[in-house]
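Structure file target39.cif (mmCIF, C-alpha atoms) follows.
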data_work
loop_
_atom_site.label_atom_id
_atom_site.label_comp_id
_atom_site.auth_asym_id
_atom_site.auth_seq_id
_atom_site.Cartn_x
_atom_site.Cartn_y
_atom_site.Cartn_z
CA MET A 426 123.39 86.32 120.83
CA PHE A 427 121.75 89.45 119.47
CA THR A 428 123.52 89.21 116.14
CA GLY A 429 122.18 85.71 115.48
CA MET A 430 118.66 86.64 116.57
CA ALA A 431 118.69 89.86 114.51
CA MET A 432 119.93 88.12 111.41
CA SER A 433 117.32 85.39 111.84
CA CYS A 434 114.52 87.96 112.08
CA TYR A 435 116.04 89.89 109.22
CA SER A 436 116.02 86.82 106.97
CA VAL A 437 112.37 86.12 107.82
CA ILE A 438 111.36 89.69 107.02
CA LYS A 439 113.34 89.60 103.81
CA ARG A 440 111.73 86.30 102.82
CA ILE A 441 108.15 87.33 103.61
CA LEU A 442 107.93 91.07 103.09
CA VAL A 443 110.36 91.85 100.31
CA PRO A 444 108.84 89.62 97.58
CA ARG A 445 105.43 91.09 98.32
CA LEU A 446 106.73 94.65 98.28
CA THR A 447 108.86 94.06 95.24
CA ARG A 448 105.87 92.91 93.22
CA LYS A 449 104.01 96.03 94.27
CA LEU A 450 106.84 98.54 93.94
CA SER A 451 108.91 96.99 91.17
CA GLY A 452 111.95 97.31 93.39
CA CYS A 453 111.95 101.11 93.50
CA HIS A 454 113.03 103.19 96.48
CA LEU A 455 110.69 105.93 97.61
CA HIS A 456 112.56 108.99 96.42
CA THR A 457 112.99 107.49 92.97
CA CYS A 458 109.40 106.37 92.55
CA ALA A 459 107.87 109.50 94.04
CA SER A 460 109.57 111.78 91.55
CA THR A 461 107.63 110.16 88.71
CA CYS A 462 104.41 111.55 90.18
CA ALA A 463 105.45 115.14 89.57
CA ALA A 464 104.54 117.24 86.55
CA ALA A 465 105.91 116.00 83.23
CA PRO A 466 109.42 117.27 82.51
CA PRO A 467 109.68 120.08 80.01
CA ASP A 468 110.91 119.37 76.51
CA ASP A 469 114.06 120.65 74.85
CA VAL A 470 112.22 123.75 73.63
CA THR A 471 111.55 124.80 77.22
CA HIS A 472 115.16 124.17 78.16
CA SER A 473 116.31 126.29 75.24
CA TRP A 474 113.96 129.13 76.17
CA LEU A 475 115.05 129.18 79.82
CA THR A 476 118.71 129.41 78.87
CA THR A 477 118.03 132.74 77.13
CA VAL A 478 117.04 134.33 80.46
CA GLY A 479 120.42 134.54 82.13
CA GLY A 480 121.89 136.15 85.21
CA GLY A 481 122.49 134.88 88.69
CA ALA A 482 123.47 131.41 89.80
CA VAL A 483 122.49 128.64 92.19
CA ASP A 484 125.50 127.40 94.14
CA LEU A 485 125.83 124.09 95.98
CA THR A 486 128.38 122.86 98.49
CA LYS A 487 128.35 119.33 99.93
CA ASP A 488 130.22 118.09 102.97
CA ASP A 489 130.56 114.32 102.82
CA SER A 490 131.84 114.08 106.39
CA SER A 491 128.74 115.72 107.93
CA GLY A 492 126.25 114.89 105.18
CA LEU A 493 125.22 118.57 105.00
CA ALA A 494 124.64 120.41 101.73
CA VAL A 495 124.12 124.16 101.39
CA LEU A 496 122.23 125.60 98.42
CA THR A 497 122.66 129.33 97.83
CA LEU A 498 120.48 131.51 95.61
CA ASN A 499 123.12 133.84 94.24
CA ASN A 500 121.71 136.84 92.41
CA PRO A 501 122.24 139.71 94.88
CA GLU A 502 121.93 142.46 92.26
CA ARG A 503 118.29 141.33 91.80
CA LEU A 504 117.73 140.45 95.50
CA ASN A 505 118.18 136.78 94.53
CA ALA A 506 115.29 136.80 92.05
CA VAL A 507 115.16 133.54 90.09
CA THR A 508 116.07 133.73 86.39
CA GLY A 509 115.59 131.04 83.75
CA ASN A 510 119.24 130.11 84.03
CA MET A 511 118.86 129.69 87.81
CA MET A 512 115.78 127.49 87.32
CA LEU A 513 117.83 125.14 85.17
CA GLN A 514 120.68 125.11 87.68
CA LEU A 515 118.25 124.41 90.53
CA ALA A 516 116.83 121.42 88.66
CA ASP A 517 120.33 120.06 88.03
CA ILE A 518 121.22 120.47 91.71
CA VAL A 519 118.08 118.63 92.85
CA ASN A 520 118.99 115.75 90.53
CA ASP A 521 122.53 115.76 91.92
CA LEU A 522 121.22 115.63 95.50
CA LYS A 523 118.96 112.68 94.66
CA ASP A 524 122.09 110.71 93.80
CA TRP A 525 124.09 111.83 96.85
CA ARG A 526 123.97 108.68 98.99
CA GLY A 527 125.96 110.22 101.84
CA GLY A 528 123.60 113.15 102.32
CA LYS A 529 121.56 113.82 105.46
CA ALA A 530 120.48 117.45 105.29
CA LEU A 531 120.10 120.49 103.04
CA ILE A 532 120.05 124.20 103.91
CA VAL A 533 118.51 126.56 101.32
CA HIS A 534 119.27 130.27 101.70
CA GLY A 535 119.79 133.46 99.74
CA LYS A 536 123.08 135.30 99.33
CA GLY A 537 123.34 138.48 101.36
CA HIS A 538 120.52 139.61 103.58
CA THR A 539 117.48 138.49 101.66
CA PHE A 540 116.01 135.13 100.70
CA CYS A 541 114.18 135.41 97.36
CA PRO A 542 111.47 137.63 95.81
CA GLY A 543 110.40 134.96 93.30
CA ALA A 544 110.87 134.99 89.55
CA ASP A 545 112.87 137.83 88.04
CA LEU A 546 110.41 140.54 86.92
CA ASN A 547 112.41 141.27 83.76
CA MET A 548 111.84 137.64 82.77
CA VAL A 549 108.17 137.71 83.76
CA ARG A 550 107.55 140.87 81.73
CA ASN A 551 108.76 139.08 78.59
CA MET A 552 106.82 135.84 79.08
CA LEU A 553 103.21 136.88 79.59
CA ASP A 554 101.78 134.48 76.97
CA SER A 555 100.11 131.40 78.47
CA LYS A 556 102.38 128.88 76.69
CA GLN A 557 105.56 130.18 78.28
CA GLY A 558 103.81 130.57 81.62
CA ARG A 559 102.67 126.94 81.44
CA GLU A 560 106.17 125.74 80.57
CA MET A 561 107.79 127.69 83.41
CA CYS A 562 105.09 126.54 85.85
CA ALA A 563 105.54 122.87 84.88
CA PHE A 564 109.32 123.11 85.16
CA MET A 565 109.35 124.72 88.61
CA HIS A 566 106.47 122.58 89.87
CA LYS A 567 108.45 119.45 89.05
CA THR A 568 111.70 120.82 90.47
CA LEU A 569 110.23 121.93 93.80
CA THR A 570 108.17 118.76 94.16
CA GLU A 571 111.33 116.71 93.78
CA LEU A 572 113.15 119.01 96.20
CA HIS A 573 110.33 118.42 98.71
CA ARG A 574 110.71 114.63 98.30
CA LEU A 575 114.50 114.44 98.61
CA PRO A 576 115.63 111.89 101.23
CA LEU A 577 117.37 114.75 103.05
CA ILE A 578 116.11 116.81 105.98
CA SER A 579 115.72 120.21 104.32
CA VAL A 580 115.39 123.65 105.86
CA ALA A 581 114.93 127.11 104.37
CA ALA A 582 117.06 129.62 106.28
CA ILE A 583 115.20 132.88 105.67
CA ASP A 584 116.77 136.28 106.19
CA GLY A 585 114.94 139.27 104.77
CA HIS A 586 112.12 138.72 102.28
CA ALA A 587 110.64 135.48 100.89
CA ILE A 588 108.03 136.80 98.46
CA GLY A 589 105.95 135.21 95.69
CA GLY A 590 107.96 132.35 94.22
CA GLY A 591 110.37 132.75 97.13
CA SER A 592 107.55 132.00 99.55
CA GLU A 593 106.68 128.93 97.46
CA LEU A 594 110.30 127.78 97.52
CA CYS A 595 110.44 127.86 101.31
CA THR A 596 107.33 125.63 101.53
CA ALA A 597 109.23 122.98 99.56
CA THR A 598 111.57 122.34 102.51
CA ASP A 599 110.77 120.34 105.64
CA PHE A 600 111.49 123.22 108.01
CA ARG A 601 111.69 127.00 107.87
CA VAL A 602 113.88 129.02 110.24
CA MET A 603 113.80 132.81 110.15
CA THR A 604 115.75 135.76 111.45
CA GLU A 605 113.81 138.26 113.54
CA ARG A 606 113.52 140.63 110.58
CA ALA A 607 112.57 137.96 108.03
CA ASN A 608 109.12 137.79 106.47
CA ILE A 609 107.18 135.54 104.13
CA ARG A 610 104.59 136.97 101.74
CA PHE A 611 102.35 135.09 99.30
CA ILE A 612 101.76 138.08 97.05
CA HIS A 613 100.41 136.16 94.04
CA ALA A 614 96.75 137.24 94.19
CA LEU A 615 97.76 140.90 94.39
CA MET A 616 99.72 140.31 91.17
CA GLY A 617 96.69 138.78 89.45
CA VAL A 618 97.79 135.13 89.64
CA VAL A 619 97.84 132.17 92.02
CA PRO A 620 100.85 130.13 93.16
CA GLY A 621 102.21 128.14 90.22
CA TRP A 622 105.14 126.28 91.76
CA GLY A 623 103.10 124.08 94.12
CA GLY A 624 103.27 126.53 97.02
CA GLY A 625 99.51 126.93 97.44
CA THR A 626 99.00 123.21 98.01
CA ARG A 627 101.98 122.92 100.34
CA LEU A 628 100.92 126.01 102.31
CA THR A 629 97.42 124.58 102.83
CA ARG A 630 98.88 121.36 104.21
CA LEU A 631 101.19 123.31 106.49
CA VAL A 632 98.74 125.80 108.04
CA GLY A 633 95.27 124.51 107.14
CA ARG A 634 92.54 125.70 104.79
CA THR A 635 91.35 128.83 106.61
CA LYS A 636 94.79 130.26 107.33
CA ALA A 637 95.96 129.46 103.78
CA LEU A 638 93.02 131.44 102.38
CA ASP A 639 93.90 134.32 104.68
CA LEU A 640 97.54 134.42 103.60
CA LEU A 641 96.93 133.81 99.89
CA LEU A 642 94.07 136.30 99.43
CA SER A 643 95.38 139.11 101.62
CA GLY A 644 98.96 138.89 100.39
CA ARG A 645 100.02 140.25 103.78
CA SER A 646 103.47 139.85 105.27
CA ILE A 647 104.04 137.10 107.86
CA GLY A 648 106.80 137.91 110.33
CA SER A 649 108.89 135.36 112.17
CA GLU A 650 106.78 135.42 115.36
CA GLU A 651 103.50 134.83 113.52
CA ALA A 652 105.08 132.18 111.29
CA LEU A 653 106.10 130.33 114.43
CA GLU A 654 102.59 130.62 115.90
CA ILE A 655 100.78 129.24 112.84
CA GLY A 656 103.23 126.42 112.10
CA LEU A 657 104.80 127.98 109.03
CA GLY A 658 108.07 128.70 110.83
CA ASN A 659 109.97 126.38 113.17
CA TRP A 660 112.63 128.50 114.87
CA ILE A 661 113.78 132.11 115.09
CA ILE A 662 117.51 132.60 114.53
CA PRO A 663 118.96 134.73 117.35
CA THR A 664 120.09 138.20 116.33
CA GLY A 665 123.78 138.47 115.53
CA HIS A 666 124.25 134.84 114.53
CA ASP A 667 125.39 133.75 111.08
CA VAL A 668 122.28 132.41 109.33
CA VAL A 669 123.82 129.27 107.81
CA GLU A 670 125.99 128.40 110.82
CA ALA A 671 123.09 128.82 113.25
CA THR A 672 120.80 126.74 111.03
CA ALA A 673 123.39 123.96 110.71
CA GLU A 674 123.71 123.83 114.49
CA TRP A 675 119.91 123.76 114.92
CA LEU A 676 119.68 120.89 112.42
CA GLN A 677 121.98 118.64 114.39
CA LYS A 678 119.20 117.38 116.64
CA TYR A 679 117.56 115.86 113.56
CA THR A 680 120.68 114.59 111.81
CA LYS A 681 122.71 113.04 114.65
CA GLY A 682 121.61 109.54 113.64
CA LYS A 683 123.17 107.30 111.00
CA THR A 684 122.73 108.47 107.44
CA GLU A 685 120.65 105.48 106.34
CA VAL A 686 118.25 105.94 109.27
CA VAL A 687 117.77 109.69 108.73
CA ARG A 688 117.04 109.10 105.05
CA ALA A 689 114.65 106.22 105.82
CA VAL A 690 112.68 108.35 108.28
CA LYS A 691 112.34 111.12 105.69
CA ASN A 692 111.12 108.59 103.11
CA VAL A 693 108.52 107.24 105.55
CA VAL A 694 107.18 110.73 106.25
CA VAL A 695 107.02 111.66 102.55
CA ALA A 696 105.03 108.49 101.84
CA GLY A 697 102.74 109.06 104.81
CA SER A 698 101.98 112.63 103.75
CA GLU A 699 101.43 112.00 100.04
CA LEU A 700 100.21 108.44 99.43
CA PRO A 701 97.01 106.51 100.24
CA VAL A 702 97.25 104.74 103.59
CA GLU A 703 97.76 101.19 102.30
CA GLU A 704 100.49 102.23 99.88
CA ALA A 705 102.17 104.40 102.52
CA LEU A 706 102.19 101.45 104.93
CA GLU A 707 103.89 99.31 102.30
CA ARG A 708 106.54 101.97 101.71
CA GLU A 709 107.09 102.18 105.47
CA ALA A 710 107.58 98.41 105.63
CA GLU A 711 110.09 98.64 102.81
CA GLN A 712 112.11 101.26 104.68
CA PHE A 713 111.95 99.11 107.83
CA VAL A 714 113.38 96.13 105.99
CA ASP A 715 116.18 98.27 104.59
CA VAL A 716 117.47 99.28 108.05
CA TRP A 717 116.51 96.24 110.16
CA GLY A 718 119.60 94.38 111.34
CA GLY A 719 121.82 97.04 109.86
CA PRO A 720 124.84 98.64 111.59
CA ALA A 721 122.81 101.40 113.29
CA HIS A 722 120.18 98.94 114.53
CA GLU A 723 122.66 96.43 115.89
CA GLU A 724 124.82 99.13 117.50
CA ALA A 725 121.79 100.64 119.28
CA ILE A 726 120.57 97.27 120.61
CA LEU A 727 124.00 96.25 121.86
CA LYS A 728 124.40 99.61 123.59
CA SER A 729 120.97 99.27 125.20
CA MET A 730 121.75 95.74 126.42
CA LYS A 731 125.08 96.88 127.83
CA ASN A 732 123.44 99.74 129.76
CA LYS A 733 120.97 97.31 131.39
CA LYS A 734 123.71 95.09 132.82
#
Represent the structure of the file as structure tokens.
Amino acid sequence: MFTGMAMSCYSVIKRILVPRLTRKLSGCHLHTCASTCAAAPPDDVTHSWLTTVGGGAVDLTKDDSSGLAVLTLNNPERLNAVTGNMMLQLADIVNDLKDWRGGKALIVHGKGHTFCPGADLNMVRNMLDSKQGREMCAFMHKTLTELHRLPLISVAAIDGHAIGGGSELCTATDFRVMTERANIRFIHALMGVVPGWGGGTRLTRLVGRTKALDLLLSGRSIGSEEALEIGLGNWIIPTGHDVVEATAEWLQKYTKGKTEVVRAVKNVVVAGSELPVEEALEREAEQFVDVWGGPAHEEAILKSMKNKK
């Protein structure tokens, strides 16, 4: 009975809503369309320049059975500072994750016992002219914006220091979990600059205008307890637990649903937080149509009906 009713409703929604949404959206899905709003991609010259600043790596593992990916900033000799080579690798990984249809979640962490102190100072020292600064800013702005919009539930697992660009990176995830000794520090103003990777805007939306001014202008360190109090952090990892394993376990309450539903919810929230109300409502309707009458929907209804008998 339910199957016939669901399919009937589904066909009505498809007939009425989809043509209207298709005309508006040109058939795009949220995470594909949203990425076009980011800063313009750098040209080949920028790519060539970034490749000359080597060292370190960004590693990615993906588990198709659980839908969990783990991204590791791997430059322990420089406390996981981000080099030009790592910036390019990070951009490639974000593009790879956009195409990973089986993905549900992403953990971002640093190798060893620190998260990331931002851009490598040896690189920064050699790129003080405004042209190179603009190119690097545009590249990382685009990369972290697309990371923020991925249809995956993302969390930064912070152990040790997240400073400067590292603090900006952790604002590009949906959640931030921290060890008891971890700290986040927006040190930019003390270095004579402002956030250039989108972190200032994301921080303001996370903690509000007044608190963002406090953190950005003082450059003070935010410990795990304070981060939790102001809404910058979401959970404190118990002492003695493996950072990635504990974070993966904590994530399960958000990723226990079907892959298509988890991804649709993330797309709805991204639209609601970034787009004008009318356009966000249309994107939400599109996501609804995509999952209505699908396997997860039908399974949940049948289970509910069975429990009521």
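Take the PyMOL selection byres ((chain A and resi 662-667) around 7) and apply it to this file: it picks Val602, Met603, Thr604, Glu605, Trp660, Ile661, Val668, Val669, Glu670 and Ala671 of chain A.
The gap separating CA of Ser579 (chain A) from CA of Gly718 (chain A) is 27.0 Å, in Å to one decimal.
Note that the spacing between CA of Glu593 (chain A) and CA of Gly509 (chain A) amounts to 16.5 Å.
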Answer as an mmCIF file with C-alpha atoms, in the coordinates of the input, residues within 10 Å of (113.8, 127.7, 105.4) using only C-alpha atoms:
data_model
loop_
_atom_site.group_PDB
_atom_site.id
_atom_site.type_symbol
_atom_site.label_atom_id
_atom_site.label_comp_id
_atom_site.auth_asym_id
_atom_site.auth_seq_id
_atom_site.Cartn_x
_atom_site.Cartn_y
_atom_site.Cartn_z
ATOM 1 C CA LEU A 531 120.100 120.490 103.040
ATOM 2 C CA ILE A 532 120.050 124.200 103.910
ATOM 3 C CA VAL A 533 118.510 126.560 101.320
ATOM 4 C CA HIS A 534 119.270 130.270 101.700
ATOM 5 C CA PHE A 540 116.010 135.130 100.700
ATOM 6 C CA SER A 579 115.720 120.210 104.320
ATOM 7 C CA VAL A 580 115.390 123.650 105.860
ATOM 8 C CA ALA A 581 114.930 127.110 104.370
ATOM 9 C CA ALA A 582 117.060 129.620 106.280
ATOM 10 C CA ILE A 583 115.200 132.880 105.670
ATOM 11 C CA ASP A 584 116.770 136.280 106.190
ATOM 12 C CA ALA A 587 110.640 135.480 100.890
ATOM 13 C CA SER A 592 107.550 132.000 99.550
ATOM 14 C CA LEU A 594 110.300 127.780 97.520
ATOM 15 C CA CYS A 595 110.440 127.860 101.310
ATOM 16 C CA THR A 596 107.330 125.630 101.530
ATOM 17 C CA ALA A 597 109.230 122.980 99.560
ATOM 18 C CA THR A 598 111.570 122.340 102.510
ATOM 19 C CA ASP A 599 110.770 120.340 105.640
ATOM 20 C CA PHE A 600 111.490 123.220 108.010
ATOM 21 C CA ARG A 601 111.690 127.000 107.870
ATOM 22 C CA VAL A 602 113.880 129.020 110.240
ATOM 23 C CA MET A 603 113.800 132.810 110.150
ATOM 24 C CA LEU A 657 104.800 127.980 109.030
ATOM 25 C CA GLY A 658 108.070 128.700 110.830
ATOM 26 C CA ASN A 659 109.970 126.380 113.170
ATOM 27 C CA TRP A 660 112.630 128.500 114.870
ATOM 28 C CA THR A 672 120.800 126.740 111.030
#
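If you look at CA of Thr486 (chain A) and CA of Phe611 (chain A), they are 28.8 Å away from each other.
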Could you spell out the hits of the PyMOL selection byres ((chain A and resi 485) around 9) on the shown file, as a compact mmCIF listing (two decimals) with C-alpha atoms, in the frame of the given file?
# COMPACT_ATOMS: atom_id res chain seq x y z
CA VAL A 483 122.49 128.64 92.19
CA ASP A 484 125.50 127.40 94.14
CA THR A 486 128.38 122.86 98.49
CA LYS A 487 128.35 119.33 99.93
CA ALA A 494 124.64 120.41 101.73
CA VAL A 495 124.12 124.16 101.39
CA LEU A 496 122.23 125.60 98.42
CA THR A 497 122.66 129.33 97.83
CA ILE A 518 121.22 120.47 91.71
For region 548-560 of chain A, find every residue with an atom within 8 Å (counting all atoms listed in the file), except residues of its own chain fewer than 2 positions away, and show them as an mmCIF file with C-alpha atoms, in the frame of the given file.
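Contents of the output file around26.cif:
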data_model
loop_
_atom_site.group_PDB
_atom_site.id
_atom_site.type_symbol
_atom_site.label_atom_id
_atom_site.label_comp_id
_atom_site.auth_asym_id
_atom_site.auth_seq_id
_atom_site.Cartn_x
_atom_site.Cartn_y
_atom_site.Cartn_z
ATOM 1 C CA PRO A 467 109.680 120.080 80.010
ATOM 2 C CA THR A 471 111.550 124.800 77.220
ATOM 3 C CA VAL A 478 117.040 134.330 80.460
ATOM 4 C CA THR A 508 116.070 133.730 86.390
ATOM 5 C CA GLY A 509 115.590 131.040 83.750
ATOM 6 C CA ALA A 544 110.870 134.990 89.550
ATOM 7 C CA ASP A 545 112.870 137.830 88.040
ATOM 8 C CA LEU A 546 110.410 140.540 86.920
ATOM 9 C CA CYS A 562 105.090 126.540 85.850
ATOM 10 C CA ALA A 563 105.540 122.870 84.880
ATOM 11 C CA PHE A 564 109.320 123.110 85.160
#
Among the residues A:Gly719, A:Pro542, A:Gly623, A:Gly633, the one that comes closest to Asn608 (chain A) [using all atoms listed in the file]
A:Pro542
Any chance you could resolve the PyMOL selection byres ((chain A and resi 490) around 12) against this file and give the residues as a PyMOL selection string?
chain A and resi 487-489+491-494+527-530+683-684
Those residues you just picked out, can you put them in a file as a CSV table (one decimal), keeping the file's coordinate frame with C-alpha atoms?
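Result written to result-v2.csv:
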chain,number,residue,atom,x,y,z
A,487,LYS,CA,128.4,119.3,99.9
A,488,ASP,CA,130.2,118.1,103.0
A,489,ASP,CA,130.6,114.3,102.8
A,491,SER,CA,128.7,115.7,107.9
A,492,GLY,CA,126.2,114.9,105.2
A,493,LEU,CA,125.2,118.6,105.0
A,494,ALA,CA,124.6,120.4,101.7
A,527,GLY,CA,126.0,110.2,101.8
A,528,GLY,CA,123.6,113.2,102.3
A,529,LYS,CA,121.6,113.8,105.5
A,530,ALA,CA,120.5,117.4,105.3
A,683,LYS,CA,123.2,107.3,111.0
A,684,THR,CA,122.7,108.5,107.4
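Of the residues listed (A:Val702, A:Val686, A:Asn500, A:Ile612), A:Val686 shows the shortest atom-to-atom separation from Asp715 (chain A); distances use all atoms listed in the file.
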Mind checking which residues fall within 10 Å of Asn510 (chain A), counting only C-alpha atoms, ignoring those fewer than 3 positions away in the same chain, and posting them as a PyMOL selection string?
chain A and resi 472+474-483+507+513-515
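For the choices A:Met512, A:Ala614, A:Val694, A:Leu727, the atom-to-atom distance to Thr568 (chain A) is smallest for A:Met512 when using all atoms listed in the file.
Counting only C-alpha atoms and comparing A:Gly589, A:Ser646, A:Asn499, A:Leu575, the residue that lies closest to Val687 (chain A) is A:Leu575.
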